[in-house]
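Visitor: Sharing protein.cif (mmCIF, C-alpha atoms and all ligand atoms) below.
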data_model
#
loop_
_atom_site.group_PDB
_atom_site.id
_atom_site.type_symbol
_atom_site.label_atom_id
_atom_site.label_comp_id
_atom_site.auth_asym_id
_atom_site.auth_seq_id
_atom_site.Cartn_x
_atom_site.Cartn_y
_atom_site.Cartn_z
ATOM 1 C CA MET A 1 217.018 50.751 8.533
ATOM 2 C CA GLU A 2 219.286 51.037 5.539
ATOM 3 C CA ILE A 3 223.063 51.059 5.744
ATOM 4 C CA LYS A 4 224.384 53.019 2.789
ATOM 5 C CA LYS A 5 228.069 52.257 2.988
ATOM 6 C CA ILE A 6 231.094 52.132 5.234
ATOM 7 C CA ASP A 7 231.899 55.775 5.918
ATOM 8 C CA HIS A 8 235.182 55.204 7.695
ATOM 9 C CA ILE A 9 237.321 52.796 9.678
ATOM 10 C CA GLY A 10 238.684 54.031 13.000
ATOM 11 C CA ILE A 11 242.232 53.168 14.070
ATOM 12 C CA ALA A 12 243.390 53.864 17.619
ATOM 13 C CA VAL A 13 246.946 55.217 17.771
ATOM 14 C CA LYS A 14 249.166 56.562 20.517
ATOM 15 C CA CYS A 15 250.298 59.463 18.376
ATOM 16 C CA ILE A 16 248.881 60.682 15.058
ATOM 17 C CA GLU A 17 252.175 62.268 14.108
ATOM 18 C CA ASP A 18 254.051 58.987 14.536
ATOM 19 C CA ALA A 19 251.333 57.057 12.707
ATOM 20 C CA SER A 20 251.488 59.486 9.778
ATOM 21 C CA LYS A 21 255.050 58.453 9.089
ATOM 22 C CA PHE A 22 253.699 55.187 7.737
ATOM 23 C CA TYR A 23 250.361 56.308 6.276
ATOM 24 C CA SER A 24 251.577 59.560 4.771
ATOM 25 C CA ASN A 25 255.281 59.191 4.055
ATOM 26 C CA ILE A 26 255.267 55.564 2.963
ATOM 27 C CA LEU A 27 251.720 54.892 1.710
ATOM 28 C CA ASN A 28 251.447 58.422 0.330
ATOM 29 C CA LEU A 29 247.956 58.963 1.729
ATOM 30 C CA LYS A 30 246.938 62.534 2.301
ATOM 31 C CA ILE A 31 246.188 63.153 5.967
ATOM 32 C CA SER A 32 243.874 65.946 7.057
ATOM 33 C CA GLU A 33 244.953 68.468 9.657
ATOM 34 C CA PRO A 34 244.214 66.802 13.044
ATOM 35 C CA ILE A 35 241.235 68.215 14.913
ATOM 36 C CA GLU A 36 240.482 67.941 18.612
ATOM 37 C CA VAL A 37 237.080 66.634 19.631
ATOM 38 C CA LYS A 38 237.008 67.737 23.264
ATOM 39 C CA ALA A 39 233.681 66.050 24.060
ATOM 40 C CA GLN A 40 235.176 62.661 23.181
ATOM 41 C CA GLU A 41 238.676 63.502 24.427
ATOM 42 C CA VAL A 42 240.296 62.580 21.151
ATOM 43 C CA LYS A 43 242.289 64.103 18.380
ATOM 44 C CA VAL A 44 241.378 62.765 14.942
ATOM 45 C CA ALA A 45 242.790 62.940 11.437
ATOM 46 C CA PHE A 46 241.307 61.479 8.266
ATOM 47 C CA MET A 47 242.699 59.904 5.109
ATOM 48 C CA GLU A 48 240.652 58.839 2.134
ATOM 49 C CA ILE A 49 241.001 55.731 0.003
ATOM 50 C CA GLY A 50 238.485 55.230 -2.803
ATOM 51 C CA GLY A 51 235.617 56.944 -1.020
ATOM 52 C CA ILE A 52 236.216 55.294 2.345
ATOM 53 C CA LYS A 53 238.070 57.148 5.057
ATOM 54 C CA LEU A 54 240.509 55.963 7.652
ATOM 55 C CA GLU A 55 240.211 57.837 10.936
ATOM 56 C CA LEU A 56 243.246 57.967 13.191
ATOM 57 C CA LEU A 57 242.228 58.492 16.820
ATOM 58 C CA GLU A 58 244.680 59.709 19.429
ATOM 59 C CA PRO A 59 243.594 60.129 23.066
ATOM 60 C CA LEU A 60 243.712 63.643 24.522
ATOM 61 C CA GLY A 61 243.995 62.476 28.132
ATOM 62 C CA GLU A 62 244.183 59.477 30.432
ATOM 63 C CA ASP A 63 240.393 59.357 30.839
ATOM 64 C CA SER A 64 239.706 59.264 27.135
ATOM 65 C CA PRO A 65 237.852 56.128 26.005
ATOM 66 C CA VAL A 66 240.575 55.731 23.371
ATOM 67 C CA ALA A 67 243.243 55.818 26.123
ATOM 68 C CA ARG A 68 241.422 52.982 27.876
ATOM 69 C CA PHE A 69 241.175 51.089 24.580
ATOM 70 C CA LEU A 70 244.931 51.469 24.023
ATOM 71 C CA GLN A 71 245.679 50.223 27.542
ATOM 72 C CA LYS A 72 243.489 47.178 27.066
ATOM 73 C CA LYS A 73 244.147 46.250 23.457
ATOM 74 C CA GLY A 74 247.014 48.347 22.173
ATOM 75 C CA GLN A 75 247.019 50.215 18.889
ATOM 76 C CA GLY A 76 244.865 48.926 16.064
ATOM 77 C CA LEU A 77 241.378 48.706 14.601
ATOM 78 C CA HIS A 78 238.947 50.576 16.825
ATOM 79 C CA HIS A 79 235.592 50.902 15.053
ATOM 80 C CA LEU A 80 233.643 50.714 11.801
ATOM 81 C CA CYS A 81 231.372 53.575 10.850
ATOM 82 C CA PHE A 82 228.221 52.893 8.840
ATOM 83 C CA LEU A 83 226.417 55.660 7.012
ATOM 84 C CA VAL A 84 222.646 55.730 7.568
ATOM 85 C CA ASP A 85 220.098 58.206 6.271
ATOM 86 C CA ASP A 86 218.024 58.507 9.461
ATOM 87 C CA ILE A 87 219.935 57.979 12.685
ATOM 88 C CA GLU A 88 216.911 58.447 14.980
ATOM 89 C CA PHE A 89 215.045 55.741 13.107
ATOM 90 C CA ALA A 90 218.096 53.459 13.184
ATOM 91 C CA LEU A 91 218.531 53.868 16.955
ATOM 92 C CA ARG A 92 214.841 53.196 17.517
ATOM 93 C CA ARG A 93 215.013 50.000 15.469
ATOM 94 C CA LEU A 94 218.106 48.843 17.344
ATOM 95 C CA LYS A 95 216.518 49.551 20.740
ATOM 96 C CA GLU A 96 213.391 47.621 19.713
ATOM 97 C CA ASN A 97 215.687 44.696 18.963
ATOM 98 C CA ASN A 98 217.429 44.999 22.343
ATOM 99 C CA VAL A 99 220.751 45.943 20.818
ATOM 100 C CA ARG A 100 223.030 47.398 23.465
ATOM 101 C CA LEU A 101 223.870 51.015 22.665
ATOM 102 C CA VAL A 102 226.707 53.191 23.908
ATOM 103 C CA ASP A 103 224.782 56.317 22.907
ATOM 104 C CA GLN A 104 221.037 56.283 23.559
ATOM 105 C CA PHE A 105 220.688 59.466 21.519
ATOM 106 C CA PRO A 106 222.629 60.906 18.592
ATOM 107 C CA ARG A 107 225.427 63.349 19.304
ATOM 108 C CA ILE A 108 227.601 65.540 17.136
ATOM 109 C CA GLY A 109 230.758 63.852 15.841
ATOM 110 C CA ALA A 110 234.119 65.085 14.578
ATOM 111 C CA THR A 111 232.735 65.995 11.154
ATOM 112 C CA ARG A 112 229.737 67.892 12.620
ATOM 113 C CA LYS A 113 227.319 65.120 11.617
ATOM 114 C CA ARG A 114 225.062 63.225 14.011
ATOM 115 C CA ILE A 115 226.619 59.982 15.224
ATOM 116 C CA ALA A 116 225.977 57.224 17.773
ATOM 117 C CA PHE A 117 228.010 54.249 18.933
ATOM 118 C CA LEU A 118 226.669 50.722 19.439
ATOM 119 C CA HIS A 119 228.164 48.449 22.064
ATOM 120 C CA PRO A 120 230.401 45.688 20.621
ATOM 121 C CA GLU A 121 228.542 43.097 22.679
ATOM 122 C CA SER A 122 225.715 42.981 20.140
ATOM 123 C CA SER A 123 227.910 43.048 17.041
ATOM 124 C CA SER A 124 230.302 40.139 17.545
ATOM 125 C CA GLY A 125 232.942 42.245 19.196
ATOM 126 C CA VAL A 126 233.081 45.143 16.751
ATOM 127 C CA LEU A 127 232.507 48.684 17.957
ATOM 128 C CA ILE A 128 230.141 50.268 15.434
ATOM 129 C CA GLU A 129 229.498 53.934 14.855
ATOM 130 C CA LEU A 130 226.433 55.116 12.967
ATOM 131 C CA LYS A 131 226.697 58.404 11.119
ATOM 132 C CA GLU A 132 223.835 60.287 9.523
ATOM 133 C CA ALA A 133 224.354 61.113 5.868
HETATM 134 CO CO CO A 201 234.610 57.386 13.797
#
In structure tokens, write the structure found in this file.
Ligand code: CO
Guide:
Amino acid sequence: MEIKKIDHIGIAVKCIEDASKFYSNILNLKISEPIEVKAQEVKVAFMEIGGIKLELLEPLGEDSPVARFLQKKGQGLHHLCFLVDDIEFALRRLKENNVRLVDQFPRIGATRKRIAFLHPESSSGVLIELKEA
């Protein structure tokens, strides 16, 4: 399995609009129009810094995994996303090595690419998302 680069860093926020006041107005980063990802019960918006994106994640409802994250840990770093060229191969390798997965199979993420999350238990407490290039 080859990890190409960090695709993006996810940040859990209560409200994208409030968060943009800092990221957009003060840091002058350009924020994409927020999109709703119903399957994951989140609204997301992206900013780009030198080829790496920041992803702001706002929960769409109380049952959203991001809502539960905010309740437990508050706003802040949520996940790292690694770009891989073959996500099926990567998941197979991880399973062979008994890595705990959140997603057993790839699913379609916010940017229409195939993604899968790994459980933080196997990665020293960091939630990791794999995204297919
Ligand atoms: Co992400």
Visitor: Given a cut-off of 7 Å, what residues near ligand CO 201 (chain A) show up using all atoms listed in the file, put as a PyMOL selection string?
Guide: chain A and resi 8-10+55+79+81+129
Visitor: Can you give me, as a list in words, the residues this file yields under the PyMOL selection byres (((chain A and resi 32) around 12) and not hetatm)?
Guide: Ile16, Glu17, Ser20, Tyr23, Ser24, Leu29, Lys30, Ile31, Glu33, Pro34, Ile35, Lys43, Val44, Ala45, Phe46, Met47, Glu48, Lys53, Leu54, Glu55, Leu56 and Thr111 of chain A
Visitor: Interatomic distance between CA of Ile128 in chain A and CA of Gly74 in chain A?
Guide: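 If I compute the distance from CA of Ile128 in chain A to CA of Gly74 in chain A, I get 18.3 Å.
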Visitor: Could you tell me, as number ranges by chain, which residues have any atom at most 12 Å from (217.8, 60.5, 9.7), counting all atoms listed in the file?
Guide: A: 1-3, 83-92, 106, 113-116, 130-133
Visitor: I need the residue set behind the PyMOL selection byres (((chain A and resi 103-105) around 7) and not hetatm) for this file; please write it as a list in words.
Guide: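 Given this file, the PyMOL selection byres (((chain A and resi 103-105) around 7) and not hetatm) evaluates to Leu101, Val102, Pro106, Arg107, Ala116, Phe117 and Leu118 of chain A.
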Visitor: Closest to Gly50 in chain A among A:Val126, A:Ile108, A:Ala67, A:Ile6, using only C-alpha atoms?
Guide: A:Ile6
Visitor: In Å to one decimal, how far is CA of Gly109 in chain A from CA of Lys21 in chain A?
Guide: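 Between CA of Lys21 in chain A and CA of Gly109 in chain A the gap works out to 25.8 Å.
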Visitor: May I ask which of the residues A:Phe22, A:Ala110, A:Pro120, A:Gln75 is the closest one to Glu36 in chain A, counting all atoms listed in the file?
Guide: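 Among A:Phe22, A:Ala110, A:Pro120, A:Gln75, it is A:Ala110 that comes nearest to Glu36 in chain A.
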Visitor: Name the closest residue to Lys5 in chain A among the candidates A:Arg112, A:Pro59, A:Gly51, A:Glu96; distances are taken between atoms, counting all atoms listed in the file.
Guide: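 Among A:Arg112, A:Pro59, A:Gly51, A:Glu96, it is A:Gly51 that comes nearest to Lys5 in chain A.
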Visitor: Give me, please, the distance in Å between CA of Lys73 in chain A and CA of Val13 in chain A, quoted to one decimal.
Guide: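 So the answer is 11.0 Å.
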Visitor: Using only C-alpha atoms, which of the listed residues (A:Cys15, A:Leu127, A:Ile52, A:Leu60) sits closest to Lys38 in chain A?
Guide: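 Looking only at the distances to Lys38 in chain A, the closest residue turns out to be A:Leu60.
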